[in-house]
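Written below as structure tokens is the structure these notes are about.
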Amino acid sequence: MALLPYLKDEDASSEVLKILKARPLVLNVQRMTANAQGVFPIRSKLSNALFTQIKLDPKLREIAILRTAKDCHSNYEWTQHVPAAKHVGVTDEQIAAIEKWPEAKCFNEIERGVLQLTDEVNADVKGRRETVEALQRHLSAGEIIELLIIIGHWRQTASILETLEVELEDFAGTLNILEGIPSRPK
């Protein structure tokens, strides 16, 4: 059982309830974070923007999220994002190799750079200059900033999930949580 209650509809402000009701599926992580009703609408907009408004390739986003889930030991985050990762092109081989990616041959140079930066930021807050410079050969300044925001956002999410012991839904890992969300702008 989670350490804090999931927000019930009857306890939600009209703004929070509108956001929750607009979703085809409300996850436990959303019900938990909705307890912070003053912040939830803004956090929700950020989460949605990181799925729909970024220039960064969604495959790189999901690789960073999965690696963050491993770095943070977040089973919930991992389980919910595996179907999403597959949906955007992360292969089964890559998913299986995320934990020991340095030895894996299934990641290209850009993906390896994303994994490296994700590990560095999750371990030390600061990514190494060499890692950022290597990524600059493939990604724009904006895409690198988006990547850093993604790493931080899902690390924060993992902290909420793990600290509060948010439970996986019965359907976790079987549904693509990105279903129905428009893809990024071209």
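Residues in the structure tokens are named by chain (A, B, ... in the order shown) and by number from 1 within that chain; ligands are numbered from 1 in the order shown.
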
With a cut-off of 8 Å, could you pull out the residues of stretch 38-138 of chain A touching stretch 160-171 of chain A and give me the nearest pair of atoms for each, distance in Å to one decimal, using only C-alpha atoms, ordered by chain and ascending number, as JSON lines?
```
{"residue": "A:Ser74", "atom": "CA", "partner": "A:Glu162", "partner_atom": "CA", "distance": 6.3}
{"residue": "A:Tyr76", "atom": "CA", "partner": "A:Leu168", "partner_atom": "CA", "distance": 5.9}
{"residue": "A:Glu77", "atom": "CA", "partner": "A:Leu161", "partner_atom": "CA", "distance": 7.9}
```

Taking N, CA and C atoms for each residue, export the selection above as an mmCIF file, in the first residue's frame.
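So result_29.cif came out as:
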```cif
data_model
loop_
_atom_site.group_PDB
_atom_site.id
_atom_site.type_symbol
_atom_site.label_atom_id
_atom_site.label_comp_id
_atom_site.auth_asym_id
_atom_site.auth_seq_id
_atom_site.Cartn_x
_atom_site.Cartn_y
_atom_site.Cartn_z
ATOM 1 N N SER A 74 13.576 2.203 -10.032
ATOM 2 C CA SER A 74 12.133 2.432 -10.056
ATOM 3 C C SER A 74 11.446 1.412 -10.960
ATOM 4 N N TYR A 76 8.261 0.783 -11.070
ATOM 5 C CA TYR A 76 7.048 1.387 -11.642
ATOM 6 C C TYR A 76 7.385 2.119 -12.937
ATOM 7 N N GLU A 77 8.364 2.998 -12.870
ATOM 8 C CA GLU A 77 8.746 3.792 -14.040
ATOM 9 C C GLU A 77 9.188 2.878 -15.185
#
```

- Message: I'd like the neighbourhood of A:Lys8 as JSON, numbers by chain, where a residue qualifies if any of its atoms comes within 12 Å (using only C-alpha atoms), though same-chain residues fewer than 6 positions away should be ignored.
- Response: {"A": [16, 17, 20, 21, 26, 28, 30, 31, 32, 33, 34, 35, 37]}

- Message: From the options A:Glu15, A:Ile110, A:Val29, A:Pro58, which residue's atoms come nearest to A:Pro41, counting only C-alpha atoms?
- Response: A:Glu15

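Here atom CA of A:His153 stands at a distance of 26.0 Å from atom CA of A:Ala104.
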
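The spacing separating atom CA of A:Cys72 from atom CA of A:Cys106 amounts to 22.6 Å.
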
- Where does DSSP see alpha helix (DSSP H) in stretch 51-168 of chain A, if you list the residues as a PyMOL selection string? chain A and resi 51-52+58-71+75-87+92-97+109-124+129-136+141-163

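Comparing A:Ala97, A:Leu7, A:Val125, A:Val90 by their smallest distance to A:Ala36, the closest is A:Leu7 (using only C-alpha atoms).
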
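Excluding A:Asp71 and any residue on its chain fewer than 4 positions from it, the residues at most 10 Å away by only C-alpha atoms are Ile65, Leu66, Arg67, Glu99, Thr118, Asp119, Asn122, Ala123, Arg155 and Ala158 of chain A.
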
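Here atom CA of A:Gln136 is placed at a distance of 29.1 Å from atom CA of A:Ser159.
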
- Message: Quick one: residues within 12 Å of A:Phe51, only C-alpha atoms, excluding same-chain residues fewer than 2 positions away - as number ranges by chain?
- Response: A: 44-49, 53-62, 65, 84-85, 88, 146-147, 149-150, 153, 177-185

- Query: Closest to A:Arg137 among A:Glu109, A:Ile95, A:His81, A:Lys86, using only C-alpha atoms?
  - Reply: A:Glu109

At a cut-off of 12 Å, using only C-alpha atoms, what residues contact A:Ala134? Leave out same-chain residues fewer than 6 positions from it and give the result as a PDB file with N, CA, C and O atoms, in the first residue's frame.
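Result went into around.pdb, see below:
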```pdb
ATOM      1  N   GLU A 109      26.022   5.355 -31.651  1.00  0.00           N
ATOM      2  CA  GLU A 109      26.830   6.385 -30.978  1.00  0.00           C
ATOM      3  C   GLU A 109      25.969   7.415 -30.234  1.00  0.00           C
ATOM      4  O   GLU A 109      26.282   7.783 -29.098  1.00  0.00           O
ATOM      5  N   ILE A 110      24.899   7.869 -30.844  1.00  0.00           N
ATOM      6  CA  ILE A 110      24.022   8.862 -30.187  1.00  0.00           C
ATOM      7  C   ILE A 110      23.351   8.240 -28.961  1.00  0.00           C
ATOM      8  O   ILE A 110      23.304   8.851 -27.887  1.00  0.00           O
ATOM      9  N   GLU A 111      22.824   7.041 -29.112  1.00  0.00           N
ATOM     10  CA  GLU A 111      22.158   6.366 -27.999  1.00  0.00           C
ATOM     11  C   GLU A 111      23.135   6.130 -26.842  1.00  0.00           C
ATOM     12  O   GLU A 111      22.774   6.316 -25.672  1.00  0.00           O
ATOM     13  N   ARG A 112      24.367   5.767 -27.169  1.00  0.00           N
ATOM     14  CA  ARG A 112      25.379   5.566 -26.129  1.00  0.00           C
ATOM     15  C   ARG A 112      25.680   6.886 -25.413  1.00  0.00           C
ATOM     16  O   ARG A 112      25.857   6.925 -24.196  1.00  0.00           O
ATOM     17  N   GLY A 113      25.712   7.981 -26.166  1.00  0.00           N
ATOM     18  CA  GLY A 113      25.924   9.291 -25.549  1.00  0.00           C
ATOM     19  C   GLY A 113      24.785   9.668 -24.612  1.00  0.00           C
ATOM     20  O   GLY A 113      25.010  10.212 -23.526  1.00  0.00           O
ATOM     21  N   VAL A 114      23.549   9.371 -25.026  1.00  0.00           N
ATOM     22  CA  VAL A 114      22.375   9.640 -24.181  1.00  0.00           C
ATOM     23  C   VAL A 114      22.456   8.809 -22.901  1.00  0.00           C
ATOM     24  O   VAL A 114      22.223   9.313 -21.796  1.00  0.00           O
ATOM     25  N   GLN A 116      25.162   7.576 -21.521  1.00  0.00           N
ATOM     26  CA  GLN A 116      26.290   8.076 -20.730  1.00  0.00           C
ATOM     27  C   GLN A 116      25.895   9.327 -19.945  1.00  0.00           C
ATOM     28  O   GLN A 116      26.141   9.424 -18.747  1.00  0.00           O
ATOM     29  N   LEU A 117      25.276  10.290 -20.629  1.00  0.00           N
ATOM     30  CA  LEU A 117      24.863  11.517 -19.954  1.00  0.00           C
ATOM     31  C   LEU A 117      23.823  11.214 -18.877  1.00  0.00           C
ATOM     32  O   LEU A 117      23.878  11.775 -17.775  1.00  0.00           O
ATOM     33  N   GLY A 127      26.770  16.348 -15.799  1.00  0.00           N
ATOM     34  CA  GLY A 127      27.346  15.534 -16.856  1.00  0.00           C
ATOM     35  C   GLY A 127      28.739  16.044 -17.191  1.00  0.00           C
ATOM     36  O   GLY A 127      29.045  17.222 -16.997  1.00  0.00           O
ATOM     37  N   ARG A 128      29.580  15.160 -17.687  1.00  0.00           N
ATOM     38  CA  ARG A 128      30.943  15.559 -18.028  1.00  0.00           C
ATOM     39  C   ARG A 128      30.956  16.380 -19.321  1.00  0.00           C
ATOM     40  O   ARG A 128      30.170  16.154 -20.217  1.00  0.00           O
ATOM     41  N   SER A 140      21.156  19.174 -31.320  1.00  0.00           N
ATOM     42  CA  SER A 140      21.197  20.631 -31.177  1.00  0.00           C
ATOM     43  C   SER A 140      21.276  21.001 -29.703  1.00  0.00           C
ATOM     44  O   SER A 140      21.039  20.164 -28.816  1.00  0.00           O
ATOM     45  N   ILE A 144      19.720  18.893 -26.394  1.00  0.00           N
ATOM     46  CA  ILE A 144      20.499  18.532 -25.194  1.00  0.00           C
ATOM     47  C   ILE A 144      19.815  19.072 -23.943  1.00  0.00           C
ATOM     48  O   ILE A 144      19.717  18.368 -22.931  1.00  0.00           O
TER      49      ILE A 144
END
```
